[in-house]
Amino acid sequence: MRYFMNILAIGGIAMLGTGTPAMAVDGAALFKSRCGTCHWDPGQAGEKPRIGPSLKGVIGRTAGSSDFKRYSPAMKKAGFSWTASNLDAYLDNPRGKVSGTTMAFVGLKRPDEREAVIKYLLKTGK
């Protein structure tokens with residue numbers, strides 16, 4: 001019996017690495033859980049005030065330039081537009097990209113999560 005259990009265990013371990021595709025990250029769900037506390041979801045109708053600025057149309061917008069009233073001085077002086085690349089760097093390490101930002105978020109460390117959120121913003125934020 002022990003021999004049989006060992007064979008099953010070895011077979012089970014071998015099966016774990018056999019072609020099971022990685023699950024796709026859901027950008028909408030990730031936005032809701034990680035960003036939606038402070039930012040209104042651009043995929044929803046209507047804008048409601050939140051702690052952070054609206055992200056509707058963020059791609060292509062100059063950092064710190066919307067009508068949001070509580071941008072940090074650092075964000076107002078950032079001097080770049082939100083491209084997918086800049087947003088990726090910011091979502092990875094907000095304080096590394098904009099030193100002095102007041103955003104309390106520590107970032108999304110997984111590249112696939114950042115990519116999913118950026119794709120979601122591109123799709124819904126127009």
# chains A, B, ... in the order shown; residues from 1 in each chain; ligands from 1
$ residues_around --residues "Asp67 in chain A" --least-positions-apart "4" --cutoff "12 Å" --atoms "only C-alpha atoms" --output "tab-separated table (two decimals) with N, CA and C atoms, in the first residue's frame"
chain	number	residue	atom	x	y	z
A	49	PRO	N	-16.99	61.12	-6.25
A	49	PRO	CA	-15.73	61.53	-5.61
A	49	PRO	C	-15.15	60.39	-4.77
A	52	GLY	N	-8.83	59.34	-4.24
A	52	GLY	CA	-7.90	59.62	-5.33
A	52	GLY	C	-8.62	60.11	-6.57
A	53	PRO	N	-7.87	60.55	-7.57
A	53	PRO	CA	-8.48	61.08	-8.79
A	53	PRO	C	-9.15	59.99	-9.62
A	54	SER	N	-10.04	60.41	-10.49
A	54	SER	CA	-10.65	59.49	-11.44
A	54	SER	C	-9.56	58.97	-12.39
A	55	LEU	N	-9.66	57.72	-12.73
A	55	LEU	CA	-8.70	57.16	-13.68
A	55	LEU	C	-9.31	57.02	-15.07
A	61	ARG	N	-2.99	61.20	-20.36
A	61	ARG	CA	-3.13	62.43	-19.57
A	61	ARG	C	-1.80	62.76	-18.89
A	62	THR	N	-1.53	64.04	-18.73
A	62	THR	CA	-0.33	64.48	-18.00
A	62	THR	C	-0.55	64.21	-16.52
A	63	ALA	N	0.45	63.64	-15.88
A	63	ALA	CA	0.36	63.33	-14.44
A	63	ALA	C	0.05	64.60	-13.65
A	71	TYR	N	-3.93	66.57	-5.48
A	71	TYR	CA	-2.66	66.02	-5.94
A	71	TYR	C	-1.53	66.51	-5.04
A	76	LYS	N	2.10	66.90	-9.10
A	76	LYS	CA	1.90	68.06	-9.96
A	76	LYS	C	3.16	68.40	-10.74
$ residues_around --residues "Ser81 in chain A" --least-positions-apart "3" --cutoff "12 Å" --atoms "only C-alpha atoms" --output "list in words"
Gly57, Val58, Ile59, Gly60, Arg61, Thr62, Ala63, Gly64, Ser65, Ser66, Met75, Lys76, Lys77, Ala78, Ala84, Ser85, Asn86, Leu87 and Tyr90 of chain A
$ write_last_selection --atoms "C-alpha atoms" --output "mmCIF file, in the first residue's frame"
data_model
loop_
_atom_site.group_PDB
_atom_site.id
_atom_site.type_symbol
_atom_site.label_atom_id
_atom_site.label_comp_id
_atom_site.auth_asym_id
_atom_site.auth_seq_id
_atom_site.Cartn_x
_atom_site.Cartn_y
_atom_site.Cartn_z
ATOM 1 C CA GLY A 57 -8.934 58.658 -19.499
ATOM 2 C CA VAL A 58 -5.724 58.418 -17.471
ATOM 3 C CA ILE A 59 -3.718 56.925 -20.358
ATOM 4 C CA GLY A 60 -2.370 59.902 -22.309
ATOM 5 C CA ARG A 61 -3.126 62.429 -19.571
ATOM 6 C CA THR A 62 -0.335 64.483 -18.001
ATOM 7 C CA ALA A 63 0.360 63.333 -14.442
ATOM 8 C CA GLY A 64 -1.253 65.611 -11.863
ATOM 9 C CA SER A 65 -3.297 67.518 -14.443
ATOM 10 C CA SER A 66 -6.943 66.535 -13.977
ATOM 11 C CA MET A 75 2.601 64.558 -8.655
ATOM 12 C CA LYS A 76 1.899 68.062 -9.957
ATOM 13 C CA LYS A 77 5.609 68.390 -10.834
ATOM 14 C CA ALA A 78 6.044 64.844 -12.182
ATOM 15 C CA ALA A 84 1.365 52.244 -20.419
ATOM 16 C CA SER A 85 5.091 52.168 -19.628
ATOM 17 C CA ASN A 86 4.918 55.014 -17.080
ATOM 18 C CA LEU A 87 1.828 53.512 -15.483
ATOM 19 C CA TYR A 90 4.253 53.646 -11.155
#
$ closest_residue --among "A:Leu108, A:Leu122, A:Ala74, A:Cys35" --to "Leu91 in chain A" --atoms "only C-alpha atoms"
A:Leu108
$ closest_residue --among "A:Thr101, A:Arg95, A:Lys56, A:Gly27" --to "Ser72 in chain A" --atoms "only C-alpha atoms"
A:Thr101
$ atom_distance --atom1 "CA of His39 in chain A" --atom2 "CA of Arg110 in chain A"
20.2 Å
$ closest_residue --among "A:Asp41, A:Ile118, A:Lys97, A:Pro111" --to "Thr83 in chain A" --atoms "only C-alpha atoms"
A:Ile118
$ closest_residue --among "A:Ala45, A:Ala24, A:Ile51, A:Leu30" --to "Met103 in chain A" --atoms "only C-alpha atoms"
A:Ile51
$ atom_distance --atom1 "CA of Gly46 in chain A" --atom2 "CA of Phe80 in chain A"
27.2 Å
$ atom_distance --atom1 "CA of Trp40 in chain A" --atom2 "CA of Val117 in chain A"
13.6 Å
$ closest_residue --among "A:Phe105, A:Lys123, A:Asp88, A:Asp112" --to "Arg34 in chain A" --atoms "only C-alpha atoms"
A:Phe105
$ decode --residues "range 24-57 of chain A" --atoms "C-alpha atoms" --output "short mmCIF file (atom, residue, chain, number, x, y, z; two decimals), in the first residue's frame"
data_model
loop_
_atom_site.label_atom_id
_atom_site.label_comp_id
_atom_site.auth_asym_id
_atom_site.auth_seq_id
_atom_site.Cartn_x
_atom_site.Cartn_y
_atom_site.Cartn_z
CA ALA A 24 -5.38 34.91 -16.71
CA VAL A 25 -5.55 37.82 -14.30
CA ASP A 26 -8.90 39.62 -14.35
CA GLY A 27 -8.08 43.33 -14.65
CA ALA A 28 -11.59 44.44 -13.65
CA ALA A 29 -11.61 42.33 -10.48
CA LEU A 30 -8.07 43.38 -9.64
CA PHE A 31 -8.92 47.05 -10.15
CA LYS A 32 -11.94 46.69 -7.90
CA SER A 33 -10.02 44.95 -5.10
CA ARG A 34 -6.73 46.88 -5.23
CA CYS A 35 -7.55 50.29 -6.75
CA GLY A 36 -11.29 50.75 -6.28
CA THR A 37 -11.05 51.75 -2.64
CA CYS A 38 -9.56 55.09 -3.63
CA HIS A 39 -10.28 55.47 -7.37
CA TRP A 40 -13.65 55.36 -9.09
CA ASP A 41 -13.88 52.49 -11.54
CA PRO A 42 -13.81 53.95 -15.08
CA GLY A 43 -15.84 50.96 -16.29
CA GLN A 44 -18.87 52.07 -14.26
CA ALA A 45 -21.29 54.77 -15.32
CA GLY A 46 -21.06 58.10 -13.55
CA GLU A 47 -18.26 59.56 -11.49
CA LYS A 48 -18.32 59.73 -7.73
CA PRO A 49 -15.73 61.53 -5.61
CA ARG A 50 -13.14 59.26 -4.02
CA ILE A 51 -9.90 59.72 -2.09
CA GLY A 52 -7.90 59.62 -5.33
CA PRO A 53 -8.48 61.08 -8.79
CA SER A 54 -10.65 59.49 -11.44
CA LEU A 55 -8.70 57.16 -13.68
CA LYS A 56 -11.11 57.58 -16.59
CA GLY A 57 -8.93 58.66 -19.50
#
